[in-house]
Each structure stands twice: as C-alpha cells, then as structure tokens.
$ cat final.tsv   # TSV, C-alpha atoms
chain	number	residue	atom	x	y	z
G	1	MET	CA	87.13	105.29	91.01
G	2	ARG	CA	84.79	107.84	92.60
G	3	VAL	CA	81.54	107.88	90.57
G	4	ALA	CA	78.58	110.25	90.88
G	5	VAL	CA	75.20	109.41	89.34
G	6	THR	CA	72.76	112.26	88.71
G	7	ALA	CA	69.15	111.81	87.57
G	8	LEU	CA	66.52	114.50	86.90
G	9	THR	CA	63.21	112.70	86.23
G	10	VAL	CA	61.10	110.08	87.96
G	11	GLY	CA	62.03	107.53	85.31
G	12	GLY	CA	65.66	108.52	85.48
G	13	ILE	CA	65.70	108.10	89.26
G	14	GLU	CA	64.25	104.63	88.94
G	15	THR	CA	66.99	103.68	86.48
G	16	ALA	CA	69.63	105.33	88.67
G	17	ARG	CA	68.56	103.39	91.73
G	18	CYS	CA	68.75	100.18	89.75
G	19	LEU	CA	72.21	101.13	88.46
G	20	VAL	CA	73.48	101.87	91.96
G	21	SER	CA	72.21	98.49	93.12
G	22	PHE	CA	74.73	96.94	90.68
G	23	PHE	CA	77.46	99.42	91.69
G	24	PRO	CA	77.02	100.19	95.42
G	25	GLU	CA	80.13	102.41	95.41
G	26	MET	CA	78.36	104.94	93.16
G	27	ILE	CA	76.95	108.07	94.84
G	28	LEU	CA	73.44	109.03	93.75
G	29	TYR	CA	72.12	112.61	93.45
G	30	VAL	CA	68.48	113.55	92.76
G	31	PRO	CA	66.42	116.77	92.81
G	32	GLU	CA	65.03	117.84	96.16
G	33	LYS	CA	61.48	117.80	94.77
G	34	TYR	CA	61.74	114.01	94.35
G	35	SER	CA	63.20	113.41	97.80
G	36	GLU	CA	60.41	110.96	98.67
G	37	LEU	CA	61.52	108.67	95.84
G	38	SER	CA	65.05	108.07	97.10
G	39	ASP	CA	67.29	108.39	100.13
G	40	ALA	CA	70.03	109.74	97.84
G	41	ASN	CA	71.82	113.08	98.11
G	42	LYS	CA	69.60	116.00	97.14
G	43	PHE	CA	70.13	119.21	95.17
G	44	ASP	CA	67.89	122.23	94.50
G	45	ASP	CA	69.63	123.79	91.51
G	46	PHE	CA	70.98	121.53	88.76
G	47	ASN	CA	73.47	124.11	87.47
G	48	GLY	CA	74.95	124.65	90.90
G	49	HIS	CA	74.99	120.92	91.54
G	50	VAL	CA	77.05	120.16	88.45
G	51	VAL	CA	79.52	122.95	89.20
G	52	SER	CA	79.92	121.90	92.84
G	53	ILE	CA	80.64	118.21	92.19
G	54	PHE	CA	82.30	118.17	88.75
G	55	GLU	CA	85.89	118.06	90.00
G	56	LYS	CA	85.12	116.01	93.11
G	57	TYR	CA	84.53	112.77	91.22
G	58	ASP	CA	86.57	110.73	88.75
G	59	CYS	CA	83.48	109.86	86.74
G	60	HIS	CA	79.95	111.22	86.30
G	61	VAL	CA	76.95	109.28	85.04
G	62	PHE	CA	74.12	111.59	83.98
G	63	ILE	CA	70.77	109.92	83.32
G	64	MET	CA	69.13	112.46	81.02
G	65	ALA	CA	69.33	113.87	77.50
G	66	THR	CA	72.83	114.30	76.07
G	67	GLY	CA	72.18	117.91	75.06
G	68	ILE	CA	71.45	118.93	78.65
G	69	VAL	CA	74.72	117.43	79.81
G	70	VAL	CA	76.77	119.03	77.02
G	71	ARG	CA	75.46	122.50	77.84
G	72	LYS	CA	76.05	122.13	81.58
G	73	ILE	CA	79.57	120.71	81.50
G	74	ALA	CA	80.92	122.82	78.60
G	75	PRO	CA	82.17	125.71	80.81
G	76	LEU	CA	83.83	123.22	83.20
G	77	ILE	CA	85.97	121.31	80.71
G	78	LYS	CA	89.71	122.04	80.98
G	79	SER	CA	91.90	119.24	79.63
G	80	LYS	CA	91.65	115.55	78.75
G	81	LEU	CA	94.56	115.07	81.15
G	82	THR	CA	92.51	116.26	84.14
G	83	ASP	CA	88.80	116.22	83.28
G	84	PRO	CA	86.66	113.51	84.86
G	85	SER	CA	85.00	111.04	82.55
G	86	VAL	CA	81.37	111.79	81.69
G	87	ILE	CA	78.81	109.15	80.74
G	88	VAL	CA	75.24	109.78	79.61
G	89	MET	CA	72.38	107.27	79.83
G	90	ASP	CA	68.82	107.64	78.66
G	91	GLU	CA	66.27	107.18	81.42
G	92	LYS	CA	65.37	103.68	80.25
G	93	GLY	CA	69.03	102.64	80.30
G	94	HIS	CA	68.94	101.59	76.65
G	95	ASN	CA	72.04	103.57	75.57
G	96	VAL	CA	75.18	104.23	77.62
G	97	ILE	CA	77.30	106.92	75.99
G	98	SER	CA	80.96	107.70	76.71
G	99	LEU	CA	80.90	111.48	76.28
G	100	LEU	CA	84.11	112.84	77.82
G	101	SER	CA	87.54	111.46	78.86
G	102	GLY	CA	86.86	108.02	77.49
G	103	HIS	CA	90.51	107.01	77.53
G	104	LEU	CA	92.53	108.71	80.28
G	105	GLY	CA	89.46	109.30	82.42
G	106	GLY	CA	88.34	105.69	82.12
G	107	GLY	CA	84.94	106.52	80.61
G	108	ASN	CA	85.05	103.85	77.91
G	109	GLU	CA	85.94	101.12	80.39
G	110	MET	CA	83.19	102.26	82.76
G	111	VAL	CA	80.62	102.24	79.94
G	112	LEU	CA	81.54	98.66	79.08
G	113	ASP	CA	81.43	97.67	82.74
G	114	ILE	CA	77.97	99.21	83.15
G	115	CYS	CA	76.67	97.43	80.05
G	116	ARG	CA	78.10	94.08	81.17
G	117	LYS	CA	76.45	94.27	84.60
G	118	PHE	CA	73.39	96.47	84.06
G	119	GLY	CA	72.65	96.06	80.38
G	120	GLY	CA	72.26	98.67	77.68
G	121	ASN	CA	74.00	99.47	74.41
G	122	PRO	CA	77.55	100.87	74.80
G	123	VAL	CA	78.12	103.93	72.63
G	124	ILE	CA	81.86	104.53	72.22
G	125	THR	CA	83.06	106.72	69.37
G	126	THR	CA	86.84	107.00	69.86
G	127	SER	CA	88.39	105.77	66.61
G	128	SER	CA	91.02	103.48	68.17
G	129	ASP	CA	88.33	101.63	70.11
G	130	VAL	CA	86.01	101.38	67.11
G	131	ASN	CA	88.86	99.97	65.01
G	132	LYS	CA	90.10	97.77	67.90
G	133	LYS	CA	93.58	99.26	67.79
G	134	PRO	CA	95.74	100.60	70.63
G	135	SER	CA	95.80	104.32	71.29
G	136	VAL	CA	98.86	106.03	72.74
G	137	ASP	CA	96.98	107.45	75.71
G	138	MET	CA	95.40	104.12	76.71
G	139	PHE	CA	98.70	102.33	76.15
G	140	ALA	CA	100.29	104.82	78.57
G	141	LYS	CA	97.51	104.62	81.14
G	142	LYS	CA	97.55	100.82	81.36
G	143	ARG	CA	101.31	100.82	81.97
G	144	ASN	CA	101.51	103.84	84.31
G	145	LEU	CA	103.53	105.90	81.82
G	146	VAL	CA	103.50	109.70	81.57
G	147	ILE	CA	102.57	111.20	78.21
G	148	ASP	CA	105.15	113.82	77.31
G	149	SER	CA	102.98	115.55	74.69
G	150	MET	CA	99.27	114.95	74.13
G	151	GLU	CA	99.61	116.47	70.66
G	152	MET	CA	102.20	113.89	69.62
G	153	ALA	CA	100.13	111.16	71.27
G	154	LYS	CA	97.22	112.13	69.02
G	155	VAL	CA	99.46	112.27	65.95
G	156	VAL	CA	100.83	108.76	66.50
G	157	THR	CA	97.43	107.34	67.46
G	158	ALA	CA	96.06	108.68	64.16
G	159	LYS	CA	98.84	106.85	62.34
G	160	ILE	CA	97.90	103.60	64.09
G	161	VAL	CA	94.20	104.03	63.32
G	162	ASN	CA	94.97	104.85	59.66
G	163	GLY	CA	96.97	101.65	59.28
G	164	GLU	CA	100.39	103.29	58.99
G	165	LYS	CA	103.31	101.31	60.37
G	166	VAL	CA	104.25	102.34	63.93
G	167	GLY	CA	107.14	101.01	65.98
G	168	LEU	CA	107.45	100.62	69.75
G	169	ILE	CA	110.86	101.40	71.25
G	170	GLY	CA	112.00	100.89	74.84
G	171	ILE	CA	109.79	98.03	75.98
G	172	LYS	CA	108.29	94.92	74.43
G	173	ASP	CA	104.53	94.57	74.34
G	174	THR	CA	102.08	92.00	73.07
G	175	GLU	CA	99.81	94.66	71.50
G	176	PHE	CA	102.53	95.17	68.90
G	177	ASP	CA	103.95	92.88	66.19
G	178	SER	CA	101.13	92.87	63.67
G	179	ASP	CA	100.98	94.04	60.05
G	180	ASP	CA	101.18	97.70	61.06
G	181	LEU	CA	102.65	97.56	64.59
G	182	ALA	CA	106.08	96.26	65.58
G	183	ASN	CA	108.37	95.98	68.60
G	184	ILE	CA	111.75	97.41	67.54
G	185	ASP	CA	115.03	98.12	69.30
G	186	ASP	CA	115.66	101.59	67.89
G	187	TYR	CA	114.47	103.97	65.18
G	188	GLU	CA	114.34	101.98	61.97
G	189	GLU	CA	113.47	102.79	58.38
G	190	GLY	CA	110.03	101.94	57.07
G	191	PHE	CA	107.99	103.33	59.97
G	192	SER	CA	105.81	106.43	59.78
G	193	GLY	CA	105.72	106.89	63.54
G	194	TYR	CA	107.09	105.65	66.83
G	195	ILE	CA	106.17	105.25	70.49
G	196	HIS	CA	109.32	105.62	72.57
G	197	VAL	CA	109.18	104.52	76.22
G	198	SER	CA	112.05	105.79	78.36
G	199	ASN	CA	113.04	107.61	81.54
G	200	LYS	CA	115.90	109.39	79.73
G	201	LEU	CA	115.94	112.80	78.06
G	202	ILE	CA	114.96	112.04	74.46
G	203	GLU	CA	115.32	114.48	71.59
G	204	GLU	CA	111.92	115.56	70.28
G	205	ARG	CA	110.82	114.23	66.91
G	206	ASN	CA	107.73	115.10	64.88
G	207	ASP	CA	106.91	111.41	64.37
G	208	THR	CA	107.32	110.16	67.95
G	209	ALA	CA	105.13	109.99	71.04
G	210	LEU	CA	107.39	109.89	74.09
G	211	LEU	CA	106.06	107.99	77.11
G	212	ILE	CA	108.00	108.49	80.33
G	213	LYS	CA	108.64	105.69	82.80
G	214	LYS	CA	108.20	106.97	86.37
G	215	ASN	CA	110.76	104.74	88.03
G	216	ILE	CA	113.38	107.07	89.51
G	217	VAL	CA	113.78	107.03	93.28
G	218	MET	CA	115.65	109.87	95.00
G	219	GLY	CA	117.19	109.39	98.41
G	220	PHE	CA	117.07	112.79	100.09
G	221	GLY	CA	118.68	114.70	102.93
G	222	CYS	CA	119.08	118.41	103.63
G	223	ARG	CA	119.82	121.07	106.18
G	224	ARG	CA	116.70	122.42	107.84
G	225	GLY	CA	114.77	125.12	106.05
G	226	LYS	CA	115.64	124.45	102.41
G	227	SER	CA	112.98	126.00	100.16
G	228	SER	CA	110.88	124.17	97.60
G	229	SER	CA	112.64	126.00	94.76
G	230	GLU	CA	116.11	125.07	96.09
G	231	ILE	CA	115.11	121.42	96.33
G	232	LYS	CA	113.53	121.44	92.88
G	233	ASP	CA	116.55	123.09	91.27
G	234	MET	CA	118.96	120.60	92.83
G	235	ILE	CA	116.95	117.49	91.98
G	236	PHE	CA	116.03	118.49	88.42
G	237	ALA	CA	119.56	119.72	87.67
G	238	LEU	CA	121.03	116.41	88.86
G	239	MET	CA	118.60	114.39	86.75
G	240	GLU	CA	119.23	116.48	83.64
G	241	GLU	CA	122.99	116.33	84.19
G	242	ARG	CA	122.70	112.54	84.14
G	243	GLU	CA	120.40	112.76	81.10
G	244	TYR	CA	117.24	111.60	82.85
G	245	ASN	CA	113.85	113.20	82.36
G	246	PRO	CA	112.79	115.04	85.56
G	247	ARG	CA	109.25	113.77	84.98
G	248	ALA	CA	110.57	110.24	85.54
G	249	LEU	CA	110.96	111.01	89.26
G	250	SER	CA	108.48	108.79	91.06
G	251	VAL	CA	109.29	108.94	94.77
G	252	ILE	CA	111.55	110.76	97.22
G	253	VAL	CA	112.65	108.76	100.25
G	254	SER	CA	114.29	109.88	103.48
G	255	ILE	CA	114.40	109.42	107.22
G	256	ASP	CA	111.21	110.16	109.16
G	257	LEU	CA	112.84	113.21	110.76
G	258	LYS	CA	112.33	114.91	107.37
G	259	SER	CA	108.63	114.19	107.22
G	260	ASP	CA	107.85	117.78	108.29
G	261	GLU	CA	110.40	119.50	106.02
G	262	LYS	CA	108.23	122.28	104.56
G	263	GLY	CA	110.16	122.82	101.33
G	264	LEU	CA	110.21	119.10	100.57
G	265	LEU	CA	106.48	118.74	101.20
G	266	GLU	CA	105.68	121.71	98.97
G	267	PHE	CA	107.89	120.44	96.16
G	268	ALA	CA	106.37	116.95	96.27
G	269	GLU	CA	102.82	118.32	96.24
G	270	GLU	CA	103.50	120.69	93.33
G	271	TYR	CA	105.00	117.96	91.13
G	272	ASP	CA	102.82	115.07	92.35
G	273	ILE	CA	105.76	113.06	93.69
G	274	GLU	CA	105.31	110.34	96.30
G	275	LEU	CA	107.11	110.73	99.62
G	276	GLU	CA	108.20	107.80	101.76
G	277	PHE	CA	109.90	108.07	105.16
G	278	TYR	CA	111.66	105.45	107.27
G	279	SER	CA	112.78	105.36	110.89
G	280	SER	CA	116.46	105.01	111.78
G	281	ASP	CA	115.67	101.48	112.96
G	282	GLN	CA	114.39	100.63	109.47
G	283	LEU	CA	117.52	102.06	107.81
G	284	ILE	CA	120.28	100.84	110.08
G	285	ALA	CA	120.23	97.34	108.59
G	286	TYR	CA	121.66	98.81	105.34
G	287	GLU	CA	124.14	101.18	106.97
G	288	ASN	CA	127.24	99.06	106.27
G	289	LYS	CA	126.53	98.92	102.54
G	290	PHE	CA	127.43	102.61	102.13
G	291	PRO	CA	129.91	105.23	103.40
G	292	LYS	CA	128.71	106.55	106.75
G	293	SER	CA	129.23	109.56	108.96
G	294	GLU	CA	129.60	109.29	112.72
G	295	PHE	CA	128.27	112.83	113.06
G	296	VAL	CA	125.12	111.91	111.11
G	297	LYS	CA	124.75	108.76	113.18
G	298	LYS	CA	124.93	110.70	116.45
G	299	THR	CA	122.40	113.19	115.08
G	300	VAL	CA	119.75	110.94	113.53
G	301	GLY	CA	120.62	107.40	114.64
G	302	VAL	CA	121.97	106.04	111.35
G	303	GLY	CA	125.24	106.91	109.61
G	304	ASN	CA	123.80	107.35	106.10
G	305	VAL	CA	120.32	108.58	105.21
G	306	CYS	CA	120.15	109.07	101.41
G	307	ASP	CA	121.67	105.80	100.23
G	308	THR	CA	120.10	103.64	102.91
G	309	SER	CA	116.60	105.05	102.40
G	310	ALA	CA	116.85	104.64	98.62
G	311	TYR	CA	118.15	101.10	99.01
G	312	ARG	CA	115.37	100.33	101.50
G	313	ARG	CA	112.90	101.28	98.76
G	314	VAL	CA	114.44	99.61	95.68
G	315	GLY	CA	116.21	96.60	97.19
G	316	ASP	CA	118.73	94.44	95.35
G	317	THR	CA	116.93	94.82	92.04
G	318	GLY	CA	117.42	98.59	91.97
G	319	LYS	CA	120.33	100.34	90.27
G	320	LYS	CA	122.17	103.36	91.63
G	321	ILE	CA	122.74	106.09	89.06
G	322	GLY	CA	126.00	107.95	89.58
G	323	GLU	CA	127.58	108.98	92.84
G	324	THR	CA	125.77	110.50	95.81
G	325	SER	CA	125.56	114.25	95.26
G	326	ARG	CA	126.23	116.76	98.05
G	327	LYS	CA	125.76	120.44	97.28
G	328	ASN	CA	124.35	123.57	98.94
G	329	GLY	CA	123.20	121.67	102.01
G	330	ILE	CA	121.25	119.06	100.02
G	331	THR	CA	122.30	115.43	99.59
G	332	LEU	CA	120.82	113.23	96.84
G	333	SER	CA	121.16	109.56	95.98
G	334	MET	CA	119.56	108.67	92.63
G	335	TRP	CA	118.31	105.15	91.87
G	336	GLU	CA	116.26	103.36	89.22
G	337	GLU	CA	113.60	100.87	90.30
$ encode --input "final.tsv" --output "structure tokens"
Amino acid sequence: MRVAVTALTVGGIETARCLVSFFPEMILYVPEKYSELSDANKFDDFNGHVVSIFEKYDCHVFIMATGIVVRKIAPLIKSKLTDPSVIVMDEKGHNVISLLSGHLGGGNEMVLDICRKFGGNPVITTSSDVNKKPSVDMFAKKRNLVIDSMEMAKVVTAKIVNGEKVGLIGIKDTEFDSDDLANIDDYEEGFSGYIHVSNKLIEERNDTALLIKKNIVMGFGCRRGKSSSEIKDMIFALMEEREYNPRALSVIVSIDLKSDEKGLLEFAEEYDIELEFYSSDQLIAYENKFPKSEFVKKTVGVGNVCDTSAYRRVGDTGKKIGETSRKNGITLSMWEE
C-alpha cells in the first residue's frame, strides 16, 4: 500500500517522523517553512498539496485537526470504490481516526496496524467493526470478489449488523454459521437477506448482495487490427450466451505475437483485465491436447493459440467452458480457474 503522511505543525512533524520510523515505506510531506526540521518532501501550499497527491496514494495519514482534513478532502471524494483511505491523527499521536474508505480502502486495518506498532487509540466507527460482525464489502475484499452493487452490499450489511438472519450461497466460509449467519446451498426460507458468490449471471433480488468471482480465463486470437469495441462485443457476448457474468473475466491469455495488439490492449485497460502472453516455445508442449492448424503453426510456430495459452494458464485443474468460438476474425477459448 502506498501511504502518504502529511504534517503541518512542529509537533505534528515530530510525531510524523516517529511514525515513519515504524513504517519506513511511508512517504512524509511537511511545509517548506519547516524544511530544517526534516528531510521529507516539501510543499508551499497545503490546498495544492492535497489536490496534487490525493489520488496518487492508496492511503493518507494527516497529522492535524480532523476539521481541517474534512474541509480539504471534501471536493476530492468520488466513490468508496475508488477513494483512498484517509486517517487522521492528533499531533501527540493519542488518537488515530479512520475517516474515509475504512473498509475497501483499507483504512481500518491501517489504523489498527499503526496503533499496534506506534501506539495510540484506534477510532473506528463503521458499525460492522464496532459490532464485530462481517460486512459485505470487507468479506468481498478479503476474498478478491467484485461487488456487483454497493447499494445492495450496504443493505445486506445492515441486516447483518441488526442481527437479522443472512445466508451465504456459493462458497463456504468460517465467518458464517452463527445464530444470525449461515452457510446455505441455495435460497432458503427464514432468511432476511443473502450474500451470493458466483461467476454466473444471477437474477437481481432486493434482498441479495451479489459478489462476483473473477476466475474466468479467456484464450484469445484475432486477425490484426481488431478494434477494442469488436473484441469487447465478442467476449462479453460469448460470456453472456454461456450465462457467465462478464465482470468475472479475470485474464486474457495469448501468444506473445499479440502483445502489441492495440485493440486488445485498450480493451484490457478499460475493463481492468490482466493480460498474459506466452511464446510459441511455451505453448507447443500443449499443442497435441487440442485441434491444430498447420497454417497457424507455419505462421506463429504453434498449431493452436487460444486453447494452448488458456491451458498453460489454468493447468489440469481448470475447466473449459463450451467449445472454442471462431467468429468475425476473433477466436476465443473460455476456461474457469
């Protein structure tokens, strides 16, 4: 996690330097007028400083009054899905407050880590933490699941906090199976809400938080020059046709000759999808497992690109979903890790 520490006063700088001694990876910022007190990064204007670094770090620790921080970050806040976590400490380090993005941004965990190593009183106000109950967003974050709807995540978390019975569908988890939480196989009577973990297209319900498993691997090949929109349309249409959520797509794999395919690169960047490329030498070991083309082999050095690259990624434990699809100059092989 990239963490910036900003202090404004002489006392705050002293505390900040002590904090950074416990966490050497933290980056310290202080006003230019106190440059003789620290070899940290300097800033002249506090407003401009906050604006310039707010999105550059995963977490900010401000050693100053909470009110100052609230006023400065208010215009910069966008969404709990993307905002960095913000922590406020008084200049004596007595109180360490998780102010923003305590769950998804990791602020609550960082506050506890600071208090364990540095000291201070952790101030965490999120209701699930106070009541020592799981929240949907933290449950998703710990397990690398995608939250389909933050609104439904809040609805179901509120049910958990209020002691209503909530069921977990799709995976088994040790946080469940208590008086008001239960691992269940499917929607059952007697529950006021559900957390459903799946990579499939699931019908929306007003009592369910859907968490998406990102475990779909797509072997990819195409004629040169396919646009990002053509690639997106083909991949998403194939996934929906097979009743899989497009947001479950984790990685696209192919031969290294495709590593400069502009449309593919643009698509992957837009939808935050990992790309992995292999040489023909890395793929040829799996060539005989799948139908192959002599023309393709003469062209790229291996007789099958999509299936072999997907298999290279998932191995024997992976599962192929449907047949290899060939359409409009794009070839796709869909697998589940």
$ closest_atom_pairs --input "final.tsv" --of "segment 202-222 of chain G" --to "segment 284-305 of chain G" --cutoff "9 Å" --atoms "only C-alpha atoms" --output "tab-separated table"
residue	atom	partner	partner_atom	distance
G:Gly219	CA	G:Val305	CA	7.5
G:Phe220	CA	G:Val305	CA	7.4
G:Gly221	CA	G:Val305	CA	6.7
$ write_last_selection --input "final.tsv" --atoms "C-alpha atoms" --output "compact mmCIF listing (two decimals), in the coordinates of the input"
# COMPACT_ATOMS: atom_id res chain seq x y z
CA GLY G 219 117.19 109.39 98.41
CA PHE G 220 117.07 112.79 100.09
CA GLY G 221 118.68 114.70 102.93
$ axis_aligned_box --input "final.tsv" --around "segment 256-275 of chain G" --padding-each-side "6 Å" --output "AutoDock Vina command-line options"
--center_x 107.8 --center_y 116.5 --center_z 100.9 --size_x 22.0 --size_y 24.7 --size_z 31.6
$ closest_residue --input "final.tsv" --among "G:Met110, G:Ile231, G:Leu104, G:Ile27" --to "Lys142 of chain G" --atoms "only C-alpha atoms"
G:Leu104
$ closest_residue --input "final.tsv" --among "G:His49, G:Lys214, G:Lys154, G:His103" --to "Thr126 of chain G" --atoms "all atoms listed in the file"
G:His103
$ closest_residue --input "final.tsv" --among "G:Val51, G:Ile63, G:Leu81, G:Ile68" --to "Ile97 of chain G" --atoms "only C-alpha atoms"
G:Ile63
$ decode --input "final.tsv" --residues "segment 78-139 of chain G" --atoms "C-alpha atoms" --output "PDB file, in the first residue's frame"
ATOM      1  CA  LYS G  78     -15.736  10.461  -5.543  1.00  0.00           C
ATOM      2  CA  SER G  79     -16.692   6.930  -4.503  1.00  0.00           C
ATOM      3  CA  LYS G  80     -15.923   4.427  -1.755  1.00  0.00           C
ATOM      4  CA  LEU G  81     -14.928   2.064  -4.568  1.00  0.00           C
ATOM      5  CA  THR G  82     -12.070   4.315  -5.685  1.00  0.00           C
ATOM      6  CA  ASP G  83     -11.250   6.846  -2.952  1.00  0.00           C
ATOM      7  CA  PRO G  84      -8.035   6.333  -0.996  1.00  0.00           C
ATOM      8  CA  SER G  85      -8.337   5.691   2.712  1.00  0.00           C
ATOM      9  CA  VAL G  86      -7.857   8.733   4.940  1.00  0.00           C
ATOM     10  CA  ILE G  87      -6.592   8.573   8.517  1.00  0.00           C
ATOM     11  CA  VAL G  88      -6.315  11.495  10.937  1.00  0.00           C
ATOM     12  CA  MET G  89      -4.008  11.634  13.969  1.00  0.00           C
ATOM     13  CA  ASP G  90      -3.671  14.358  16.549  1.00  0.00           C
ATOM     14  CA  GLU G  91      -0.156  15.758  16.807  1.00  0.00           C
ATOM     15  CA  LYS G  92       0.563  13.830  20.002  1.00  0.00           C
ATOM     16  CA  GLY G  93      -0.493  10.566  18.367  1.00  0.00           C
ATOM     17  CA  HIS G  94      -3.086   9.881  21.058  1.00  0.00           C
ATOM     18  CA  ASN G  95      -6.000   9.206  18.664  1.00  0.00           C
ATOM     19  CA  VAL G  96      -5.828   7.514  15.258  1.00  0.00           C
ATOM     20  CA  ILE G  97      -9.073   8.020  13.346  1.00  0.00           C
ATOM     21  CA  SER G  98     -10.266   6.067  10.298  1.00  0.00           C
ATOM     22  CA  LEU G  99     -12.034   8.856   8.416  1.00  0.00           C
ATOM     23  CA  LEU G 100     -12.586   7.632   4.850  1.00  0.00           C
ATOM     24  CA  SER G 101     -12.594   4.279   2.993  1.00  0.00           C
ATOM     25  CA  GLY G 102     -12.152   2.248   6.140  1.00  0.00           C
ATOM     26  CA  HIS G 103     -13.226  -0.997   4.501  1.00  0.00           C
ATOM     27  CA  LEU G 104     -12.417  -1.160   0.775  1.00  0.00           C
ATOM     28  CA  GLY G 105      -9.604   1.362   1.090  1.00  0.00           C
ATOM     29  CA  GLY G 106      -8.027  -0.490   3.994  1.00  0.00           C
ATOM     30  CA  GLY G 107      -8.204   2.456   6.408  1.00  0.00           C
ATOM     31  CA  ASN G 108      -9.476   0.451   9.375  1.00  0.00           C
ATOM     32  CA  GLU G 109      -6.746  -2.152   9.018  1.00  0.00           C
ATOM     33  CA  MET G 110      -4.090   0.550   8.707  1.00  0.00           C
ATOM     34  CA  VAL G 111      -5.376   2.322  11.832  1.00  0.00           C
ATOM     35  CA  LEU G 112      -5.110  -0.913  13.804  1.00  0.00           C
ATOM     36  CA  ASP G 113      -1.643  -1.575  12.399  1.00  0.00           C
ATOM     37  CA  ILE G 114      -0.475   1.918  13.371  1.00  0.00           C
ATOM     38  CA  CYS G 115      -1.840   1.532  16.897  1.00  0.00           C
ATOM     39  CA  ARG G 116      -0.226  -1.886  17.328  1.00  0.00           C
ATOM     40  CA  LYS G 117       3.228  -0.639  16.300  1.00  0.00           C
ATOM     41  CA  PHE G 118       3.188   3.065  17.183  1.00  0.00           C
ATOM     42  CA  GLY G 119       0.589   3.301  19.917  1.00  0.00           C
ATOM     43  CA  GLY G 120      -2.486   5.477  20.156  1.00  0.00           C
ATOM     44  CA  ASN G 121      -6.209   4.878  20.480  1.00  0.00           C
ATOM     45  CA  PRO G 122      -7.868   3.459  17.326  1.00  0.00           C
ATOM     46  CA  VAL G 123     -11.064   5.303  16.438  1.00  0.00           C
ATOM     47  CA  ILE G 124     -13.157   3.177  14.075  1.00  0.00           C
ATOM     48  CA  THR G 125     -16.849   3.956  13.691  1.00  0.00           C
ATOM     49  CA  THR G 126     -18.090   1.561  10.986  1.00  0.00           C
ATOM     50  CA  SER G 127     -20.948  -0.380  12.572  1.00  0.00           C
ATOM     51  CA  SER G 128     -19.862  -3.854  11.428  1.00  0.00           C
ATOM     52  CA  ASP G 129     -16.450  -3.365  13.026  1.00  0.00           C
ATOM     53  CA  VAL G 130     -17.899  -1.942  16.230  1.00  0.00           C
ATOM     54  CA  ASN G 131     -20.271  -4.910  16.492  1.00  0.00           C
ATOM     55  CA  LYS G 132     -17.541  -7.372  15.402  1.00  0.00           C
ATOM     56  CA  LYS G 133     -19.623  -8.680  12.516  1.00  0.00           C
ATOM     57  CA  PRO G 134     -18.657  -9.212   8.868  1.00  0.00           C
ATOM     58  CA  SER G 135     -19.545  -6.546   6.336  1.00  0.00           C
ATOM     59  CA  VAL G 136     -20.236  -7.414   2.710  1.00  0.00           C
ATOM     60  CA  ASP G 137     -17.540  -5.107   1.371  1.00  0.00           C
ATOM     61  CA  MET G 138     -14.804  -6.445   3.668  1.00  0.00           C
ATOM     62  CA  PHE G 139     -15.938 -10.010   3.017  1.00  0.00           C
TER      63      PHE G 139
END
